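Pasting protein.csv here (CSV, C-alpha atoms):
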```csv
chain,number,residue,atom,x,y,z
J,1037,MET,CA,132.9,107.2,123.5
J,1038,ILE,CA,135.6,104.6,123.0
J,1039,VAL,CA,135.8,102.8,119.7
J,1040,THR,CA,137.7,99.6,120.0
J,1041,ALA,CA,139.4,97.6,117.3
J,1042,ALA,CA,136.8,94.8,117.9
J,1043,ILE,CA,133.9,97.2,117.2
J,1044,THR,CA,135.6,98.4,114.0
J,1045,LYS,CA,136.3,94.9,112.8
J,1046,ASP,CA,132.7,93.8,113.6
J,1047,LEU,CA,131.0,96.7,111.9
J,1048,ALA,CA,133.3,97.0,108.9
J,1049,PRO,CA,135.0,93.6,108.5
J,1050,SER,CA,136.2,94.4,105.0
J,1051,GLY,CA,138.0,97.5,106.2
J,1052,THR,CA,135.4,99.7,104.5
J,1053,LEU,CA,132.1,100.6,106.0
J,1054,ARG,CA,129.5,99.7,103.4
J,1055,VAL,CA,126.3,101.8,103.8
J,1056,ALA,CA,122.9,101.5,102.1
J,1057,ILE,CA,121.4,104.9,101.3
J,1058,ASN,CA,117.7,105.3,100.3
J,1059,LEU,CA,117.4,108.1,97.7
J,1060,GLY,CA,113.7,107.3,97.5
J,1061,ASN,CA,113.1,109.3,100.7
J,1062,PRO,CA,113.9,113.0,99.8
J,1063,VAL,CA,113.8,114.0,103.4
J,1064,LEU,CA,116.7,111.8,104.3
J,1065,ALA,CA,118.8,111.7,101.2
J,1066,GLN,CA,119.1,113.9,98.1
J,1067,GLY,CA,121.4,114.1,95.1
J,1068,THR,CA,122.4,111.3,92.8
J,1069,PRO,CA,123.9,107.8,93.3
J,1070,THR,CA,127.3,109.2,92.4
J,1071,ALA,CA,126.9,112.3,94.5
J,1072,PRO,CA,124.5,111.6,97.3
J,1073,ALA,CA,123.8,114.1,100.1
J,1074,GLY,CA,121.6,114.6,103.2
J,1075,VAL,CA,121.4,113.6,106.8
J,1076,THR,CA,121.9,109.9,106.2
J,1077,VAL,CA,125.0,110.5,104.2
J,1078,ASP,CA,126.4,112.8,106.8
J,1079,ILE,CA,125.7,110.2,109.6
J,1080,ALA,CA,127.3,107.5,107.5
J,1081,ARG,CA,130.5,109.5,107.0
J,1082,GLU,CA,130.6,110.4,110.7
J,1083,VAL,CA,130.4,106.7,111.6
J,1084,GLY,CA,133.2,106.0,109.2
J,1085,ALA,CA,135.3,108.8,110.8
J,1086,ARG,CA,134.7,107.4,114.3
J,1087,LEU,CA,135.8,104.0,113.1
J,1088,ASP,CA,138.7,105.5,111.0
J,1089,VAL,CA,137.7,103.5,107.9
J,1090,ALA,CA,136.6,104.4,104.4
J,1091,VAL,CA,132.9,104.7,103.6
J,1092,GLU,CA,131.3,103.1,100.6
J,1093,LEU,CA,127.8,104.4,99.8
J,1094,SER,CA,125.4,102.2,97.9
J,1095,CYS,CA,122.3,104.1,96.8
J,1096,PHE,CA,118.9,102.7,96.2
J,1097,ASP,CA,115.5,104.1,95.2
J,1098,ALA,CA,113.4,102.4,97.8
J,1099,ALA,CA,113.7,101.4,101.5
J,1100,ARG,CA,113.0,97.7,100.7
J,1101,LYS,CA,116.1,97.6,98.5
J,1102,SER,CA,118.2,99.1,101.3
J,1103,TYR,CA,116.8,96.4,103.6
J,1104,GLU,CA,117.6,93.7,101.1
J,1105,ALA,CA,121.2,94.9,100.8
J,1106,MET,CA,121.5,94.5,104.6
J,1107,ALA,CA,119.7,91.2,104.8
J,1108,THR,CA,121.9,89.7,102.0
J,1109,GLY,CA,125.2,90.9,103.4
J,1110,ARG,CA,125.9,93.6,100.8
J,1111,ALA,CA,125.8,96.4,103.4
J,1112,ASP,CA,127.1,96.8,106.9
J,1113,MET,CA,124.8,99.6,107.9
J,1114,CYS,CA,121.5,101.1,106.7
J,1115,PHE,CA,118.9,103.8,107.4
J,1116,LEU,CA,115.4,102.5,107.8
J,1117,ALA,CA,112.2,103.2,109.7
J,1118,ILE,CA,111.7,101.0,112.7
J,1119,GLU,CA,109.1,98.4,111.9
J,1120,PRO,CA,108.4,95.0,113.5
J,1121,ALA,CA,108.7,93.3,110.1
J,1122,ARG,CA,112.3,94.4,109.9
J,1123,GLU,CA,113.4,93.8,113.4
J,1124,ALA,CA,114.0,90.1,112.9
J,1125,GLU,CA,117.0,91.0,110.7
J,1126,VAL,CA,117.9,94.5,111.8
J,1127,ALA,CA,119.2,95.9,115.1
J,1128,PHE,CA,118.0,99.5,115.3
J,1129,THR,CA,119.2,102.5,117.2
J,1130,ALA,CA,116.7,104.9,118.6
J,1131,PRO,CA,115.3,107.2,115.9
J,1132,TYR,CA,117.4,110.2,114.8
J,1133,VAL,CA,114.5,111.7,112.8
J,1134,VAL,CA,110.7,111.4,113.1
J,1135,ILE,CA,108.6,112.1,110.0
J,1136,GLU,CA,104.9,111.7,109.3
J,1137,GLY,CA,102.9,109.5,107.0
J,1138,VAL,CA,99.8,111.2,105.4
J,1139,PHE,CA,97.0,110.5,103.0
J,1140,ALA,CA,96.1,112.3,99.9
J,1141,VAL,CA,92.6,112.1,98.3
J,1142,PRO,CA,90.6,113.8,95.5
J,1143,HIS,CA,89.0,117.1,96.6
J,1144,ASP,CA,85.6,115.7,96.3
J,1145,SER,CA,86.4,112.6,98.4
J,1146,PRO,CA,84.1,112.0,101.4
J,1147,LEU,CA,87.1,111.0,103.5
J,1148,THR,CA,88.1,113.7,105.9
J,1149,THR,CA,90.1,111.9,108.7
J,1150,ALA,CA,92.8,109.2,108.7
J,1151,ALA,CA,90.5,106.9,110.6
J,1152,GLU,CA,87.9,107.1,107.9
J,1153,VAL,CA,90.2,105.6,105.3
J,1154,ASP,CA,90.0,102.1,106.8
J,1155,ARG,CA,86.7,101.1,105.3
J,1156,PRO,CA,85.5,98.6,102.7
J,1157,GLY,CA,85.9,99.7,99.1
J,1158,VAL,CA,88.9,102.1,99.8
J,1159,ARG,CA,92.0,101.3,97.9
J,1160,ILE,CA,95.3,102.9,99.0
J,1161,GLY,CA,98.3,103.4,96.7
J,1162,VAL,CA,101.6,102.8,98.6
J,1163,LYS,CA,105.3,102.5,97.7
J,1164,ARG,CA,106.1,98.8,97.9
J,1165,GLY,CA,108.1,97.8,101.0
J,1166,SER,CA,108.0,101.3,102.5
J,1167,ALA,CA,107.6,101.9,106.2
J,1168,TYR,CA,104.0,103.0,105.6
J,1169,ASP,CA,103.3,99.9,103.5
J,1170,LEU,CA,104.5,97.7,106.4
J,1171,PHE,CA,102.5,99.8,108.9
J,1172,LEU,CA,99.3,99.8,106.9
J,1173,THR,CA,99.6,96.1,106.2
J,1174,ARG,CA,99.8,95.5,109.9
J,1175,THR,CA,97.0,97.8,111.0
J,1176,LEU,CA,94.4,98.1,108.3
J,1177,ARG,CA,91.3,95.9,108.7
J,1178,HIS,CA,89.0,96.9,105.7
J,1179,ALA,CA,90.8,99.1,103.1
J,1180,ARG,CA,92.9,97.4,100.5
J,1181,ILE,CA,96.6,98.2,99.8
J,1182,VAL,CA,97.7,98.6,96.1
J,1183,ARG,CA,101.5,98.4,95.9
J,1184,ALA,CA,103.7,99.9,93.2
J,1185,ASP,CA,107.2,101.3,92.7
J,1186,GLU,CA,105.6,104.6,93.5
J,1187,GLY,CA,102.3,104.7,95.3
J,1188,VAL,CA,101.2,108.0,93.8
J,1189,ASP,CA,101.6,106.5,90.3
J,1190,ALA,CA,99.2,103.6,91.2
J,1191,PHE,CA,96.8,106.2,92.8
J,1192,ARG,CA,96.7,108.2,89.5
J,1193,ASP,CA,96.9,105.4,87.0
J,1194,GLN,CA,94.3,103.1,88.6
J,1195,GLY,CA,92.0,105.8,89.9
J,1196,LEU,CA,92.4,104.8,93.6
J,1197,GLU,CA,90.6,106.4,96.4
J,1198,VAL,CA,93.7,107.3,98.5
J,1199,ALA,CA,97.5,107.7,98.2
J,1200,ALA,CA,99.8,107.3,101.2
J,1201,GLY,CA,103.2,108.7,101.6
J,1202,ILE,CA,105.7,110.9,103.5
J,1203,ARG,CA,104.4,114.4,104.4
J,1204,GLN,CA,107.0,116.5,102.6
J,1205,PRO,CA,106.9,114.9,99.1
J,1206,MET,CA,103.1,114.4,99.5
J,1207,THR,CA,102.7,118.1,100.2
J,1208,GLU,CA,104.6,118.9,97.0
J,1209,PHE,CA,102.6,116.3,95.0
J,1210,VAL,CA,99.3,117.9,96.1
J,1211,ALA,CA,100.5,121.4,95.4
J,1212,ALA,CA,101.2,120.3,91.9
J,1213,HIS,CA,97.8,118.7,91.5
J,1214,PRO,CA,95.1,121.2,92.8
J,1215,GLU,CA,92.4,118.6,92.3
J,1216,LEU,CA,93.8,116.7,95.3
J,1217,ARG,CA,94.1,117.5,99.0
J,1218,LEU,CA,95.8,116.1,102.0
J,1219,ILE,CA,93.7,114.6,104.8
J,1220,GLU,CA,94.4,116.7,107.9
J,1221,GLY,CA,96.7,115.0,110.5
J,1222,ARG,CA,98.9,112.0,110.1
J,1223,PHE,CA,98.1,108.3,110.1
J,1224,MET,CA,101.5,107.3,111.5
J,1225,GLN,CA,104.8,108.6,112.8
J,1226,ILE,CA,107.8,107.2,110.9
J,1227,GLN,CA,110.8,106.7,113.2
J,1228,GLN,CA,113.9,106.7,111.1
J,1229,ALA,CA,116.9,104.9,112.7
J,1230,VAL,CA,120.3,103.6,112.0
J,1231,GLY,CA,120.4,99.8,111.6
J,1232,THR,CA,122.8,97.0,111.3
J,1233,THR,CA,122.4,93.2,111.2
J,1234,ARG,CA,121.5,91.3,114.4
J,1235,THR,CA,124.6,89.3,114.0
J,1236,ARG,CA,126.7,92.2,115.2
J,1237,ARG,CA,128.1,92.1,118.8
J,1238,PRO,CA,126.2,93.9,121.5
J,1239,GLU,CA,129.0,96.4,122.0
J,1240,THR,CA,128.8,97.3,118.3
J,1241,VAL,CA,125.1,98.0,118.4
J,1242,ARG,CA,125.6,99.9,121.6
J,1243,PHE,CA,128.3,102.1,119.9
J,1244,LEU,CA,125.8,103.0,117.1
J,1245,ARG,CA,123.0,103.7,119.6
J,1246,ASP,CA,125.3,105.9,121.8
J,1247,LEU,CA,126.5,107.7,118.7
J,1248,VAL,CA,123.0,108.5,117.4
J,1249,GLU,CA,122.1,110.0,120.8
J,1250,GLU,CA,125.3,112.1,120.7
J,1251,LEU,CA,124.6,113.4,117.2
J,1252,LYS,CA,121.1,114.4,118.2
J,1253,ALA,CA,122.3,116.1,121.5
J,1254,THR,CA,125.1,118.0,119.9
J,1255,GLY,CA,123.0,119.5,117.1
J,1256,PHE,CA,124.8,117.4,114.3
J,1257,VAL,CA,121.5,116.0,113.0
J,1258,ALA,CA,119.7,119.3,113.2
J,1259,ALA,CA,122.5,121.1,111.3
J,1260,SER,CA,122.6,118.4,108.7
J,1261,LEU,CA,118.8,118.7,108.1
J,1262,ARG,CA,119.2,122.5,107.7
J,1263,ARG,CA,122.0,122.1,105.1
J,1264,ALA,CA,119.7,119.9,103.1
J,1265,ASN,CA,116.9,122.5,103.3
J,1266,GLN,CA,114.9,120.2,105.6
J,1267,SER,CA,113.2,121.2,108.9
J,1268,ASP,CA,115.2,120.6,112.0
J,1269,THR,CA,112.0,120.1,113.9
J,1270,MET,CA,112.1,116.5,112.7
J,1271,VAL,CA,115.0,115.6,115.0
J,1272,ALA,CA,113.9,112.8,117.3
J,1273,PRO,CA,113.8,113.4,121.0
J,1274,PRO,CA,116.6,111.9,123.2
J,1275,GLN,CA,116.2,108.4,124.5
```

As structure tokens, what does this structure read like?
Amino acid sequence: MIVTAAITKDLAPSGTLRVAINLGNPVLAQGTPTAPAGVTVDIAREVGARLDVAVELSCFDAARKSYEAMATGRADMCFLAIEPAREAEVAFTAPYVVIEGVFAVPHDSPLTTAAEVDRPGVRIGVKRGSAYDLFLTRTLRHARIVRADEGVDAFRDQGLEVAAGIRQPMTEFVAAHPELRLIEGRFMQIQQAVGTTRTRRPETVRFLRDLVEELKATGFVAASLRRANQSDTMVAPPQ
């Protein structure tokens, strides 16, 4: 893969690659704003190494804030789930990781499948601006979404019928609250990808897309997930 000076200048015009990291998704990033870690951090640093530029990581606690950093020109690259609502501003690679969105309910809830959740009178707590917020906003017909900084907080504080979230932290949440259970199966697949603004040149976007495919094929992504104590079964298939 040839990295030209034009690609470097286009993707990191300041001479430093500014990357938005979402610490709100513990599958993809862990640690603190001053010492982040995880697969997104590893990929960001690998992109910087390929461009031969310094990397500046800006950490946020929610995907919507990473998106806003990209949209307002405060970041050159981000890590977000592919969603139509974001594609007007973001040029995505293929996914590097695929994770699942799941529902949690009280043990005595009559809801037993993901399809049953979309009914009148059901309120679903979601993290505002998350991939599953965007997906449910686009697909639900009857249930009502209740948005908060943390969907599980709205679920508990307001006595909602359902909480939505990412499988791994939701599994931990339910384990800590035995009065709750997960609804079996997923309601969505969340395709996590590298993104940059649509103002970038086609060859710049192609560089990122080709690099993601290389990092999946060589085991880079799988090894990074394992170092972060995450399952390497989440690596997305080749495109």

Spatial neighbours of Arg1222 (chain J), max dist 8 Å, only C-alpha atoms, sep filter under 4 positions, as a PyMOL selection string = chain J and resi 1136-1139+1150

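Comparing the minimum interatomic distances between Ile1135 (chain J) and each of J:Pro1069, J:Pro1062, J:Gly1109, J:Gly1187, counting all atoms listed in the file, we find that J:Pro1062 sits nearest.
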
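Distances to Ser1050 (chain J) were evaluated for J:Ala1085, J:Val1091, J:Ala1080, J:Ala1167 using all atoms listed in the file, and the minimum falls at J:Val1091.
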
note = Here CA of Arg1110 (chain J) and CA of Lys1163 (chain J) stand apart by 22.7 Å

query = Between CA of Gln1228 (chain J) and CA of Ser1094 (chain J), what is the spacing in Å?
reply = 18.1 Å

Hey, which bits of region 1052-1090 of chain J sit within 7 Å of region 1039-1048 of chain J, and for each residue what's the closest pair of atoms and how far apart in Å (one decimal), counting all atoms listed in the file, rows by chain and increasing number, as a Markdown table?
```
| residue | atom | partner | partner_atom | distance |
| --- | --- | --- | --- | --- |
| J:Thr1052 | CA | J:Ala1048 | CA | 5.6 |
| J:Leu1053 | CA | J:Ala1048 | CA | 4.8 |
| J:Leu1087 | CA | J:Thr1044 | CA | 5.7 |
```

Include C-alpha atoms and write out the residues we just selected as a PDB file, keeping the file's coordinate frame.
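Once everything was written out, this is again26.pdb:
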```
ATOM      1  CA  THR J1052     135.400  99.700 104.500  1.00  0.00           C
ATOM      2  CA  LEU J1053     132.100 100.600 106.000  1.00  0.00           C
ATOM      3  CA  LEU J1087     135.800 104.000 113.100  1.00  0.00           C
TER       4      LEU J1087
END
```

Using only C-alpha atoms, tabulate the residues of region 1077-1163 of chain J lying at most 9 Å from any atom of region 1250-1269 of chain J, each with its closest atom pair and that distance in Å to one decimal, by chain and increasing residue number, as CSV.
```
residue,atom,partner,partner_atom,distance
J:Asp1078,CA,J:Ser1260,CA,7.0
J:Ile1079,CA,J:Val1257,CA,7.9
J:Tyr1132,CA,J:Lys1252,CA,6.5
J:Val1133,CA,J:Val1257,CA,8.2
J:Val1134,CA,J:Thr1269,CA,8.8
```

Next, dump the selected residues to file, keeping only C-alpha atoms, as a PDB file, in the frame of the given file.
```pdb
ATOM      1  CA  ASP J1078     126.400 112.800 106.800  1.00  0.00           C
ATOM      2  CA  ILE J1079     125.700 110.200 109.600  1.00  0.00           C
ATOM      3  CA  TYR J1132     117.400 110.200 114.800  1.00  0.00           C
ATOM      4  CA  VAL J1133     114.500 111.700 112.800  1.00  0.00           C
ATOM      5  CA  VAL J1134     110.700 111.400 113.100  1.00  0.00           C
TER       6      VAL J1134
END
```

inquiry  = Restricting the calculation to all atoms listed in the file: of J:Val1248, J:Val1141, J:Met1270, J:Leu1196, which residue gets closest to Glu1215 (chain J)?
reply    =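 Answer, going by the shortest atom-to-atom distance: J:Val1141.
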
task = For CA of Cys1095 (chain J) and CA of Leu1172 (chain J), quote the distance in Å rounded to one decimal.
result =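 Separation between CA of Cys1095 (chain J) and CA of Leu1172 (chain J): 25.5 Å.
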
message = Excluding Gln1275 (chain J) and its own-chain neighbours fewer than 5 positions away, which residues fall within 9 Å of it when counting only C-alpha atoms? Please give them as a list in words.
response =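 Once the adjacent positions are removed, what remains is Ala1130, Pro1131 and Glu1249 of chain J.
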
key: Near-His1178 (chain J) list (9 Å; all atoms listed in the file; drop same-chain fewer than 5 positions) as a list in words   =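 After dropping sequence-adjacent residues, the list is Val1153, Asp1154, Arg1155, Pro1156, Gly1157 and Val1158 of chain J.
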
Restricting the output to C-alpha atoms, write the selected residues as a PDB file, in the coordinates of the input.
```pdb
ATOM      1  CA  VAL J1153      90.200 105.600 105.300  1.00  0.00           C
ATOM      2  CA  ASP J1154      90.000 102.100 106.800  1.00  0.00           C
ATOM      3  CA  ARG J1155      86.700 101.100 105.300  1.00  0.00           C
ATOM      4  CA  PRO J1156      85.500  98.600 102.700  1.00  0.00           C
ATOM      5  CA  GLY J1157      85.900  99.700  99.100  1.00  0.00           C
ATOM      6  CA  VAL J1158      88.900 102.100  99.800  1.00  0.00           C
TER       7      VAL J1158
END
```

ask   = So, counting all atoms listed in the file, which residue among J:Gly1060, J:Gly1221, J:Pro1072, J:Gly1051 is closest to Arg1203 (chain J)?
value = J:Gly1221

request  = Considering only C-alpha atoms, return as a PyMOL selection string whatever protein or nucleic-acid residues lie within 10 Å of Arg1242 (chain J), sequence-local ones (same chain, fewer than 4 positions apart) excluded.
outcome  = chain J and resi 1043+1127-1129+1237-1238+1246-1248

ask   = Any idea what's packed within 12 Å of Asp1185 (chain J), counting all atoms listed in the file, ignoring anything in its chain fewer than 3 positions away? Could you give it as a PyMOL selection string?
value = chain J and resi 1060+1097-1101+1161-1166+1169+1182+1188-1191
